[in-house]
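A.B. asks: Provided herewith: target_16.cif, mmCIF, C-alpha atoms.
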data_upload
#
loop_
_atom_site.group_PDB
_atom_site.id
_atom_site.type_symbol
_atom_site.label_atom_id
_atom_site.label_comp_id
_atom_site.auth_asym_id
_atom_site.auth_seq_id
_atom_site.Cartn_x
_atom_site.Cartn_y
_atom_site.Cartn_z
ATOM 1 C CA MET A 294 0.000 0.000 0.000
ATOM 2 C CA ARG A 295 1.158 3.513 -0.822
ATOM 3 C CA ILE A 296 0.133 6.285 1.574
ATOM 4 C CA ARG A 297 0.235 10.036 0.973
ATOM 5 C CA LEU A 298 1.293 12.189 3.918
ATOM 6 C CA ASP A 299 0.684 15.941 4.122
ATOM 7 C CA ILE A 300 3.320 17.492 6.380
ATOM 8 C CA ALA A 301 4.146 20.808 8.048
ATOM 9 C CA TYR A 302 7.255 21.798 10.008
ATOM 10 C CA ASP A 303 9.285 24.598 11.497
ATOM 11 C CA GLY A 304 12.723 23.972 10.024
ATOM 12 C CA THR A 305 14.655 26.080 12.536
ATOM 13 C CA HIS A 306 16.149 23.186 14.485
ATOM 14 C CA PHE A 307 16.317 20.623 11.670
ATOM 15 C CA ARG A 308 19.329 20.019 9.446
ATOM 16 C CA GLY A 309 17.053 19.907 6.433
ATOM 17 C CA TRP A 310 14.653 17.267 5.184
ATOM 18 C CA ALA A 311 16.949 14.412 4.184
ATOM 19 C CA ARG A 312 18.032 11.793 6.704
ATOM 20 C CA GLN A 313 21.678 12.203 7.767
ATOM 21 C CA PRO A 314 23.533 10.006 10.267
ATOM 22 C CA GLY A 315 23.861 11.672 13.660
ATOM 23 C CA LEU A 316 21.842 14.747 12.680
ATOM 24 C CA ARG A 317 18.254 15.714 13.429
ATOM 25 C CA THR A 318 16.284 15.940 10.179
ATOM 26 C CA VAL A 319 12.607 16.049 9.266
ATOM 27 C CA GLN A 320 12.762 12.756 7.399
ATOM 28 C CA GLY A 321 14.606 11.004 10.191
ATOM 29 C CA THR A 322 12.176 12.283 12.837
ATOM 30 C CA LEU A 323 9.080 11.213 10.908
ATOM 31 C CA GLU A 324 10.476 7.848 9.888
ATOM 32 C CA GLY A 325 11.376 7.178 13.507
ATOM 33 C CA ALA A 326 7.785 7.906 14.566
ATOM 34 C CA LEU A 327 6.373 5.754 11.765
ATOM 35 C CA SER A 328 8.647 2.863 12.686
ATOM 36 C CA ARG A 329 7.160 2.833 16.186
ATOM 37 C CA ILE A 330 3.690 2.524 14.683
ATOM 38 C CA VAL A 331 4.035 0.173 11.685
ATOM 39 C CA GLY A 332 7.393 -1.446 12.428
ATOM 40 C CA GLY A 333 10.236 -2.159 10.049
ATOM 41 C CA ASP A 334 12.302 0.580 8.418
ATOM 42 C CA PRO A 335 9.818 2.918 6.694
ATOM 43 C CA ARG A 336 11.191 5.283 4.055
ATOM 44 C CA LEU A 337 9.533 8.492 2.909
ATOM 45 C CA VAL A 338 9.762 9.895 -0.628
ATOM 46 C CA VAL A 339 9.217 13.658 -0.553
ATOM 47 C CA ALA A 340 7.920 16.181 -3.081
ATOM 48 C CA GLY A 341 10.806 18.576 -2.454
ATOM 49 C CA ARG A 342 13.819 18.279 -0.178
ATOM 50 C CA THR A 343 14.240 21.416 1.894
ATOM 51 C CA ASP A 344 17.529 22.756 3.220
ATOM 52 C CA ALA A 345 18.463 23.313 6.852
ATOM 53 C CA GLY A 346 16.297 26.039 8.365
ATOM 54 C CA VAL A 347 13.630 26.001 5.638
ATOM 55 C CA HIS A 348 10.017 25.556 6.784
ATOM 56 C CA ALA A 349 6.986 23.893 5.221
ATOM 57 C CA SER A 350 3.235 24.262 5.541
ATOM 58 C CA GLY A 351 2.332 22.105 2.529
ATOM 59 C CA GLN A 352 5.008 19.435 2.133
ATOM 60 C CA VAL A 353 3.927 16.092 0.627
ATOM 61 C CA ALA A 354 5.541 12.667 0.896
ATOM 62 C CA HIS A 355 4.587 9.074 0.208
ATOM 63 C CA LEU A 356 5.236 5.875 2.123
ATOM 64 C CA ASP A 357 5.054 2.266 0.900
ATOM 65 C CA LEU A 358 3.914 -0.358 3.404
ATOM 66 C CA ASP A 359 4.193 -4.131 3.070
ATOM 67 C CA ASP A 360 1.394 -6.450 4.236
ATOM 68 C CA ALA A 361 2.791 -6.808 7.752
ATOM 69 C CA GLN A 362 3.075 -3.038 8.173
ATOM 70 C CA THR A 363 -0.401 -2.479 6.738
ATOM 71 C CA ALA A 364 -1.825 -4.893 9.307
ATOM 72 C CA ARG A 365 -0.364 -2.691 12.071
ATOM 73 C CA LEU A 366 -2.164 0.456 10.954
ATOM 74 C CA PRO A 367 -4.183 1.955 13.821
ATOM 75 C CA ARG A 368 -7.907 1.230 13.996
ATOM 76 C CA ARG A 369 -10.400 3.809 15.253
ATOM 77 C CA ARG A 370 -12.891 1.029 15.873
ATOM 78 C CA ARG A 371 -12.920 -2.746 15.550
ATOM 79 C CA GLU A 372 -14.976 -2.796 12.360
ATOM 80 C CA ALA A 373 -13.050 0.045 10.704
ATOM 81 C CA ASP A 374 -12.142 -0.448 7.062
ATOM 82 C CA GLU A 375 -8.704 0.061 5.569
ATOM 83 C CA SER A 376 -9.307 3.679 4.510
ATOM 84 C CA ASP A 377 -10.271 4.594 8.081
ATOM 85 C CA SER A 378 -7.051 3.013 9.306
ATOM 86 C CA VAL A 379 -4.983 5.036 6.837
ATOM 87 C CA ALA A 380 -6.704 8.264 7.895
ATOM 88 C CA ALA A 381 -6.094 7.404 11.559
ATOM 89 C CA LEU A 382 -2.353 7.114 10.931
ATOM 90 C CA ALA A 383 -1.879 10.898 10.974
ATOM 91 C CA GLY A 384 -3.288 11.139 14.481
ATOM 92 C CA ARG A 385 -1.133 8.281 15.702
ATOM 93 C CA VAL A 386 2.009 9.955 14.303
ATOM 94 C CA ARG A 387 1.057 13.195 16.040
ATOM 95 C CA GLY A 388 0.669 11.264 19.274
ATOM 96 C CA VAL A 389 4.125 9.754 18.959
ATOM 97 C CA LEU A 390 5.667 13.157 18.178
ATOM 98 C CA GLY A 391 4.225 14.555 21.426
ATOM 99 C CA ALA A 392 2.903 17.953 22.465
ATOM 100 C CA TYR A 393 4.059 21.040 20.552
ATOM 101 C CA PRO A 394 6.382 19.285 18.093
ATOM 102 C CA ASP A 395 8.128 21.286 15.350
ATOM 103 C CA VAL A 396 6.931 18.785 12.716
ATOM 104 C CA THR A 397 3.498 17.270 12.218
ATOM 105 C CA VAL A 398 1.528 15.132 9.776
ATOM 106 C CA THR A 399 -1.665 17.010 8.998
ATOM 107 C CA ARG A 400 -3.300 14.270 6.911
ATOM 108 C CA THR A 401 -2.741 10.712 5.687
ATOM 109 C CA SER A 402 -4.646 9.104 2.819
ATOM 110 C CA GLU A 403 -4.307 6.120 0.516
ATOM 111 C CA ALA A 404 -2.468 7.304 -2.584
ATOM 112 C CA PRO A 405 -4.224 6.834 -5.941
ATOM 113 C CA ASP A 406 -2.673 4.561 -8.535
ATOM 114 C CA GLY A 407 0.412 6.081 -10.153
ATOM 115 C CA PHE A 408 0.995 8.632 -7.405
ATOM 116 C CA ASP A 409 4.605 9.556 -6.672
ATOM 117 C CA ALA A 410 5.069 12.459 -4.250
ATOM 118 C CA ARG A 411 8.165 13.663 -6.076
ATOM 119 C CA PHE A 412 7.753 12.783 -9.732
ATOM 120 C CA SER A 413 3.987 13.220 -10.094
ATOM 121 C CA ALA A 414 4.087 16.824 -8.888
ATOM 122 C CA VAL A 415 3.416 19.454 -11.550
ATOM 123 C CA TRP A 416 4.503 22.441 -9.467
ATOM 124 C CA ARG A 417 5.763 23.615 -6.070
ATOM 125 C CA ARG A 418 4.919 26.930 -4.447
ATOM 126 C CA TYR A 419 7.160 28.745 -1.963
ATOM 127 C CA ALA A 420 6.703 31.923 0.044
ATOM 128 C CA TYR A 421 9.547 34.084 1.320
ATOM 129 C CA ARG A 422 8.994 36.658 4.085
ATOM 130 C CA ILE A 423 11.152 39.737 4.744
ATOM 131 C CA ALA A 424 10.979 42.481 7.366
ATOM 132 C CA ASP A 425 12.603 45.673 6.098
ATOM 133 C CA LEU A 426 12.967 49.066 7.809
ATOM 134 C CA THR A 427 9.430 49.956 6.739
ATOM 135 C CA THR A 428 8.023 46.815 8.348
ATOM 136 C CA GLY A 429 9.933 46.898 11.608
ATOM 137 C CA TYR A 430 11.030 43.913 13.660
ATOM 138 C CA ASP A 431 8.550 41.494 15.233
ATOM 139 C CA PRO A 432 10.261 39.025 17.600
ATOM 140 C CA LEU A 433 7.281 36.662 17.397
ATOM 141 C CA GLU A 434 7.961 36.209 13.656
ATOM 142 C CA ARG A 435 11.739 35.916 13.880
ATOM 143 C CA SER A 436 11.919 32.197 13.050
ATOM 144 C CA ARG A 437 10.185 32.649 9.678
ATOM 145 C CA THR A 438 11.309 36.116 8.655
ATOM 146 C CA THR A 439 14.562 37.448 7.225
ATOM 147 C CA THR A 440 15.511 41.011 8.194
ATOM 148 C CA VAL A 441 16.823 43.464 5.593
ATOM 149 C CA LYS A 442 18.205 46.816 6.794
ATOM 150 C CA ALA A 443 16.766 48.939 4.017
ATOM 151 C CA HIS A 444 13.480 50.424 2.822
ATOM 152 C CA LEU A 445 12.689 48.023 -0.003
ATOM 153 C CA ASP A 446 11.106 49.191 -3.252
ATOM 154 C CA VAL A 447 8.505 46.436 -3.575
ATOM 155 C CA GLU A 448 7.182 47.717 -6.913
ATOM 156 C CA ALA A 449 10.651 47.421 -8.489
ATOM 157 C CA MET A 450 11.126 43.983 -6.932
ATOM 158 C CA ASP A 451 7.802 42.828 -8.339
ATOM 159 C CA ALA A 452 8.685 44.047 -11.842
ATOM 160 C CA ALA A 453 12.038 42.276 -11.697
ATOM 161 C CA ALA A 454 10.449 39.045 -10.472
ATOM 162 C CA ARG A 455 7.800 38.956 -13.192
ATOM 163 C CA SER A 456 10.440 39.463 -15.898
ATOM 164 C CA LEU A 457 12.002 36.103 -14.977
ATOM 165 C CA ILE A 458 8.865 34.009 -15.565
ATOM 166 C CA GLY A 459 9.008 31.271 -18.192
ATOM 167 C CA LEU A 460 11.041 28.247 -19.295
ATOM 168 C CA HIS A 461 14.734 29.098 -18.927
ATOM 169 C CA ASP A 462 18.098 27.851 -17.755
ATOM 170 C CA PHE A 463 18.377 29.161 -14.191
ATOM 171 C CA ALA A 464 22.003 28.077 -13.645
ATOM 172 C CA ALA A 465 22.875 31.592 -12.465
ATOM 173 C CA TYR A 466 20.356 31.190 -9.656
ATOM 174 C CA CYS A 467 21.205 27.619 -8.652
ATOM 175 C CA LYS A 468 23.934 25.934 -6.681
ATOM 176 C CA ALA A 469 25.592 23.642 -9.202
ATOM 177 C CA ARG A 470 25.172 19.902 -8.758
ATOM 178 C CA GLU A 471 26.859 17.307 -10.936
ATOM 179 C CA GLU A 472 24.513 15.667 -13.457
ATOM 180 C CA ALA A 473 21.626 17.957 -12.415
ATOM 181 C CA THR A 474 19.806 20.173 -14.900
ATOM 182 C CA SER A 475 19.036 23.821 -14.081
ATOM 183 C CA ILE A 476 16.323 24.203 -16.717
ATOM 184 C CA ARG A 477 13.049 25.059 -15.011
ATOM 185 C CA THR A 478 9.686 26.632 -15.807
ATOM 186 C CA LEU A 479 9.048 29.533 -13.457
ATOM 187 C CA LEU A 480 5.252 29.835 -13.432
ATOM 188 C CA GLU A 481 4.716 32.689 -10.960
ATOM 189 C CA PHE A 482 7.024 35.140 -9.215
ATOM 190 C CA ASP A 483 5.699 38.276 -7.563
ATOM 191 C CA TRP A 484 6.071 40.449 -4.459
ATOM 192 C CA HIS A 485 3.653 42.271 -2.152
ATOM 193 C CA ARG A 486 3.369 43.633 1.375
ATOM 194 C CA ASP A 487 1.050 41.626 3.611
ATOM 195 C CA ALA A 488 -1.303 43.031 6.255
ATOM 196 C CA SER A 489 1.560 43.307 8.763
ATOM 197 C CA GLY A 490 3.735 45.236 6.325
ATOM 198 C CA ALA A 491 6.136 42.347 5.678
ATOM 199 C CA VAL A 492 7.477 41.966 2.151
ATOM 200 C CA VAL A 493 6.397 38.562 0.815
ATOM 201 C CA ALA A 494 7.407 36.701 -2.325
ATOM 202 C CA ASN A 495 5.182 34.164 -4.068
ATOM 203 C CA VAL A 496 7.267 31.764 -6.178
ATOM 204 C CA ARG A 497 5.814 28.837 -8.147
ATOM 205 C CA ALA A 498 7.628 26.569 -10.619
ATOM 206 C CA ASP A 499 7.423 23.055 -11.992
ATOM 207 C CA ALA A 500 10.512 22.299 -9.900
ATOM 208 C CA PHE A 501 13.413 24.124 -8.274
ATOM 209 C CA CYS A 502 17.122 23.413 -8.318
ATOM 210 C CA HIS A 503 19.283 23.758 -5.214
ATOM 211 C CA SER A 504 19.071 27.237 -3.579
ATOM 212 C CA MET A 505 17.076 28.596 -6.537
ATOM 213 C CA VAL A 506 14.301 30.317 -4.584
ATOM 214 C CA ARG A 507 16.670 32.010 -2.134
ATOM 215 C CA ALA A 508 18.917 33.141 -4.987
ATOM 216 C CA LEU A 509 15.985 34.588 -6.935
ATOM 217 C CA VAL A 510 14.827 36.359 -3.785
ATOM 218 C CA GLY A 511 18.339 37.700 -3.205
ATOM 219 C CA ALA A 512 18.442 39.177 -6.704
ATOM 220 C CA CYS A 513 15.117 40.924 -6.165
ATOM 221 C CA VAL A 514 16.261 42.294 -2.812
ATOM 222 C CA ALA A 515 19.283 43.796 -4.577
ATOM 223 C CA VAL A 516 16.791 45.522 -6.877
ATOM 224 C CA GLY A 517 14.664 46.638 -3.935
ATOM 225 C CA GLU A 518 17.716 48.141 -2.226
ATOM 226 C CA GLY A 519 18.642 50.018 -5.396
ATOM 227 C CA ARG A 520 21.944 48.180 -5.846
ATOM 228 C CA ILE A 521 21.010 46.848 -9.304
ATOM 229 C CA GLU A 522 18.403 47.798 -11.911
ATOM 230 C CA PRO A 523 15.346 45.544 -12.401
ATOM 231 C CA GLU A 524 16.536 44.613 -15.912
ATOM 232 C CA ARG A 525 19.754 43.205 -14.463
ATOM 233 C CA VAL A 526 18.042 40.065 -13.101
ATOM 234 C CA VAL A 527 17.313 38.831 -16.644
ATOM 235 C CA ALA A 528 20.861 39.605 -17.802
ATOM 236 C CA ILE A 529 22.205 37.572 -14.874
ATOM 237 C CA ARG A 530 19.917 34.665 -15.756
ATOM 238 C CA ASP A 531 20.881 34.713 -19.434
ATOM 239 C CA ALA A 532 24.594 34.810 -18.568
ATOM 240 C CA ALA A 533 24.064 31.426 -16.839
ATOM 241 C CA ALA A 534 26.755 32.129 -14.249
ATOM 242 C CA ARG A 535 26.681 33.136 -10.586
ATOM 243 C CA THR A 536 27.490 36.769 -9.857
ATOM 244 C CA PRO A 537 28.588 38.722 -6.761
ATOM 245 C CA ASP A 538 25.909 41.322 -7.587
ATOM 246 C CA THR A 539 23.357 39.230 -5.672
ATOM 247 C CA LYS A 540 23.408 36.811 -2.787
ATOM 248 C CA VAL A 541 21.453 33.811 -1.559
ATOM 249 C CA LEU A 542 19.276 34.935 1.331
ATOM 250 C CA ALA A 543 18.890 33.087 4.629
ATOM 251 C CA ALA A 544 16.816 29.917 4.891
ATOM 252 C CA ARG A 545 14.697 31.224 7.787
ATOM 253 C CA GLY A 546 12.363 33.276 5.576
ATOM 254 C CA LEU A 547 11.468 30.420 3.223
ATOM 255 C CA VAL A 548 8.355 28.222 3.452
ATOM 256 C CA LEU A 549 7.299 25.416 1.104
ATOM 257 C CA ALA A 550 3.614 26.334 0.943
ATOM 258 C CA GLU A 551 2.000 23.975 -1.542
ATOM 259 C CA VAL A 552 2.604 21.135 -4.018
ATOM 260 C CA GLY A 553 0.334 20.674 -7.033
ATOM 261 C CA TYR A 554 -0.612 17.380 -8.691
ATOM 262 C CA PRO A 555 -2.606 16.537 -11.834
ATOM 263 C CA ALA A 556 -5.843 14.551 -11.961
ATOM 264 C CA ASP A 557 -5.504 10.976 -10.711
ATOM 265 C CA GLU A 558 -5.563 9.462 -14.216
ATOM 266 C CA LEU A 559 -2.538 11.603 -15.192
ATOM 267 C CA LEU A 560 -0.327 10.845 -12.177
ATOM 268 C CA ALA A 561 1.625 7.962 -13.724
ATOM 269 C CA SER A 562 2.259 9.719 -17.053
ATOM 270 C CA ARG A 563 3.362 12.856 -15.226
ATOM 271 C CA ALA A 564 5.852 10.848 -13.170
ATOM 272 C CA GLU A 565 7.282 9.309 -16.342
ATOM 273 C CA GLN A 566 7.577 12.710 -18.003
ATOM 274 C CA THR A 567 9.304 14.274 -14.984
ATOM 275 C CA ARG A 568 11.985 11.595 -14.919
ATOM 276 C CA LYS A 569 13.183 12.676 -18.367
ATOM 277 C CA ARG A 570 16.113 15.083 -18.097
ATOM 278 C CA ARG A 571 15.579 18.458 -19.813
ATOM 279 C CA ASP A 572 18.258 20.220 -21.843
ATOM 280 C CA ALA A 573 18.762 23.411 -23.841
ATOM 281 C CA ASP A 574 16.735 22.075 -26.782
ATOM 282 C CA ASP A 575 13.630 22.163 -24.586
ATOM 283 C CA ILE A 576 14.015 25.935 -24.194
ATOM 284 C CA ALA A 577 14.419 26.454 -27.933
ATOM 285 C CA SER A 578 11.286 24.448 -28.642
#
Transcribe the structure of this file into structure tokens.

C.D. replies:
Amino acid sequence: MRIRLDIAYDGTHFRGWARQPGLRTVQGTLEGALSRIVGGDPRLVVAGRTDAGVHASGQVAHLDLDDAQTARLPRRRREADESDSVAALAGRVRGVLGAYPDVTVTRTSEAPDGFDARFSAVWRRYAYRIADLTTGYDPLERSRTTTVKAHLDVEAMDAAARSLIGLHDFAAYCKAREEATSIRTLLEFDWHRDASGAVVANVRADAFCHSMVRALVGACVAVGEGRIEPERVVAIRDAAARTPDTKVLAARGLVLAEVGYPADELLASRAEQTRKRRDADDIAS
């Protein structure tokens, strides 16, 4: 049986999503809780691995259970059917994690045929939150907000962000990884001030390469501070090389907010399509 898990966490005290020996990670914490419930050595496959300090309100993962593990799923009542047992798993995980944990499973459900949390996804949405000199500092928001000591020009930042939308090679805004492509489709990128006055980015793409969101945000902050012109962000992208003109901002302001999936009948074909590596010819076409 394959189970979908919807997950939220405060990444402040985690060393990222991925399990690492001797380090506290989101994956390791959740798999440890699941092992206590279903036994064995459960392994989660996640929609998007987050770095140390990055948060999530809409993370998605899947878990495959063998027959013995399925038989150990919690039952709300003696006559409960299998779907009830799957739904009850979220509550059992929350119980194991204890009161006020910094990670939780908000929902568990039986995954439809063809579902793969990582490869079936059609897009991921992130939010990035900044307090500038106009906003002021709120200590209650410090764990999810990056502070910038300037009065940011949000209109200029928004114009710069929107100019980057589309299918492009974002190597200039990614941390290079061997054998990994940096070609991505940026679907949405915009900035606004929320009700508290914080400067918030909305960033949605089919996928993101390593550090891409924080690098894009850093480029827009350079625009907002007046250090570079809005047009410069496209020139940096097209040069396909990292530049000292911008910097990758801190992880603390970044939240994985949502993961999108196609209709159930398209899940398997989407997963197959995603596994195909993209190259420069895809941009030209």

A.B. asks: Mind checking which residues fall within 10 Å of Ala533 in chain A, counting only C-alpha atoms, ignoring those fewer than 6 positions away in the same chain, and posting them as a ChimeraX atom specification?

C.D. replies: /A:461-467,475

A.B. asks: Considering only C-alpha atoms, return as a ChimeraX atom specification whatever protein or nucleic-acid residues lie within 9 Å of Val496 in chain A, sequence-local ones (same chain, fewer than 2 positions apart) excluded.

C.D. replies: /A:417-421,479-484,494,498,506

A.B. asks: Go through the shown structure with the PyMOL selection byres ((chain A and resi 544) around 9) and write out the matching residues as a JSON list (two decimals) with C-alpha atoms, in the coordinates of the input.

C.D. replies:
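Final output, part_27.json:
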[["chain", "number", "residue", "atom", "x", "y", "z"],
["A", 304, "GLY", "CA", 12.72, 23.97, 10.02],
["A", 305, "THR", "CA", 14.66, 26.08, 12.54],
["A", 344, "ASP", "CA", 17.53, 22.76, 3.22],
["A", 345, "ALA", "CA", 18.46, 23.31, 6.85],
["A", 346, "GLY", "CA", 16.30, 26.04, 8.36],
["A", 347, "VAL", "CA", 13.63, 26.00, 5.64],
["A", 348, "HIS", "CA", 10.02, 25.56, 6.78],
["A", 437, "ARG", "CA", 10.18, 32.65, 9.68],
["A", 439, "THR", "CA", 14.56, 37.45, 7.22],
["A", 507, "ARG", "CA", 16.67, 32.01, -2.13],
["A", 541, "VAL", "CA", 21.45, 33.81, -1.56],
["A", 542, "LEU", "CA", 19.28, 34.94, 1.33],
["A", 543, "ALA", "CA", 18.89, 33.09, 4.63],
["A", 545, "ARG", "CA", 14.70, 31.22, 7.79],
["A", 546, "GLY", "CA", 12.36, 33.28, 5.58],
["A", 547, "LEU", "CA", 11.47, 30.42, 3.22],
["A", 548, "VAL", "CA", 8.36, 28.22, 3.45]]

A.B. asks: Write out as lines of an AutoDock Vina configuration file an axis-aligned box for range 397-401 of chain A: all of its atoms listed in the file, 6 Å added on each side, centre and edge lengths in Å with one decimal.

C.D. replies:
center_x = 0.1
center_y = 14.0
center_z = 9.0
size_x = 18.8
size_y = 18.6
size_z = 18.5

A.B. asks: If the PyMOL selection byres ((chain A and resi 489) around 12) were run on this exact file, what residues would it hold? Put them as a PDB file with C-alpha atoms, in the coordinates of the input.

C.D. replies:
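Ended up saving to selection26.pdb:
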ATOM      1  CA  ARG A 422       8.994  36.658   4.085  1.00  0.00           C
ATOM      2  CA  ILE A 423      11.152  39.737   4.744  1.00  0.00           C
ATOM      3  CA  ALA A 424      10.979  42.481   7.366  1.00  0.00           C
ATOM      4  CA  ASP A 425      12.603  45.673   6.098  1.00  0.00           C
ATOM      5  CA  THR A 427       9.430  49.956   6.739  1.00  0.00           C
ATOM      6  CA  THR A 428       8.023  46.815   8.348  1.00  0.00           C
ATOM      7  CA  GLY A 429       9.933  46.898  11.608  1.00  0.00           C
ATOM      8  CA  TYR A 430      11.030  43.913  13.660  1.00  0.00           C
ATOM      9  CA  ASP A 431       8.550  41.494  15.233  1.00  0.00           C
ATOM     10  CA  GLU A 434       7.961  36.209  13.656  1.00  0.00           C
ATOM     11  CA  HIS A 485       3.653  42.271  -2.152  1.00  0.00           C
ATOM     12  CA  ARG A 486       3.369  43.633   1.375  1.00  0.00           C
ATOM     13  CA  ASP A 487       1.050  41.626   3.611  1.00  0.00           C
ATOM     14  CA  ALA A 488      -1.303  43.031   6.255  1.00  0.00           C
ATOM     15  CA  GLY A 490       3.735  45.236   6.325  1.00  0.00           C
ATOM     16  CA  ALA A 491       6.136  42.347   5.678  1.00  0.00           C
ATOM     17  CA  VAL A 492       7.477  41.966   2.151  1.00  0.00           C
ATOM     18  CA  VAL A 493       6.397  38.562   0.815  1.00  0.00           C
TER      19      VAL A 493
END

A.B. asks: I'd like to see the residues matched by the PyMOL selection byres ((chain A and resi 537) around 12) on this file, and ideally I'd get them as a PDB file with C-alpha atoms, in the coordinates of the input.

C.D. replies:
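What landed in expr.pdb:
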ATOM      1  CA  ALA A 465      22.875  31.592 -12.465  1.00  0.00           C
ATOM      2  CA  TYR A 466      20.356  31.190  -9.656  1.00  0.00           C
ATOM      3  CA  ALA A 508      18.917  33.141  -4.987  1.00  0.00           C
ATOM      4  CA  GLY A 511      18.339  37.700  -3.205  1.00  0.00           C
ATOM      5  CA  ALA A 512      18.442  39.177  -6.704  1.00  0.00           C
ATOM      6  CA  ALA A 515      19.283  43.796  -4.577  1.00  0.00           C
ATOM      7  CA  ARG A 520      21.944  48.180  -5.846  1.00  0.00           C
ATOM      8  CA  ILE A 521      21.010  46.848  -9.304  1.00  0.00           C
ATOM      9  CA  ILE A 529      22.205  37.572 -14.874  1.00  0.00           C
ATOM     10  CA  ALA A 534      26.755  32.129 -14.249  1.00  0.00           C
ATOM     11  CA  ARG A 535      26.681  33.136 -10.586  1.00  0.00           C
ATOM     12  CA  THR A 536      27.490  36.769  -9.857  1.00  0.00           C
ATOM     13  CA  ASP A 538      25.909  41.322  -7.587  1.00  0.00           C
ATOM     14  CA  THR A 539      23.357  39.230  -5.672  1.00  0.00           C
ATOM     15  CA  LYS A 540      23.408  36.811  -2.787  1.00  0.00           C
ATOM     16  CA  VAL A 541      21.453  33.811  -1.559  1.00  0.00           C
TER      17      VAL A 541
END

A.B. asks: Using Å and a single decimal, report how far CA of Asp299 in chain A sits from CA of Gln352 in chain A.

C.D. replies: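 About the pair CA of Gln352 in chain A and CA of Asp299 in chain A: they are 5.9 Å apart.
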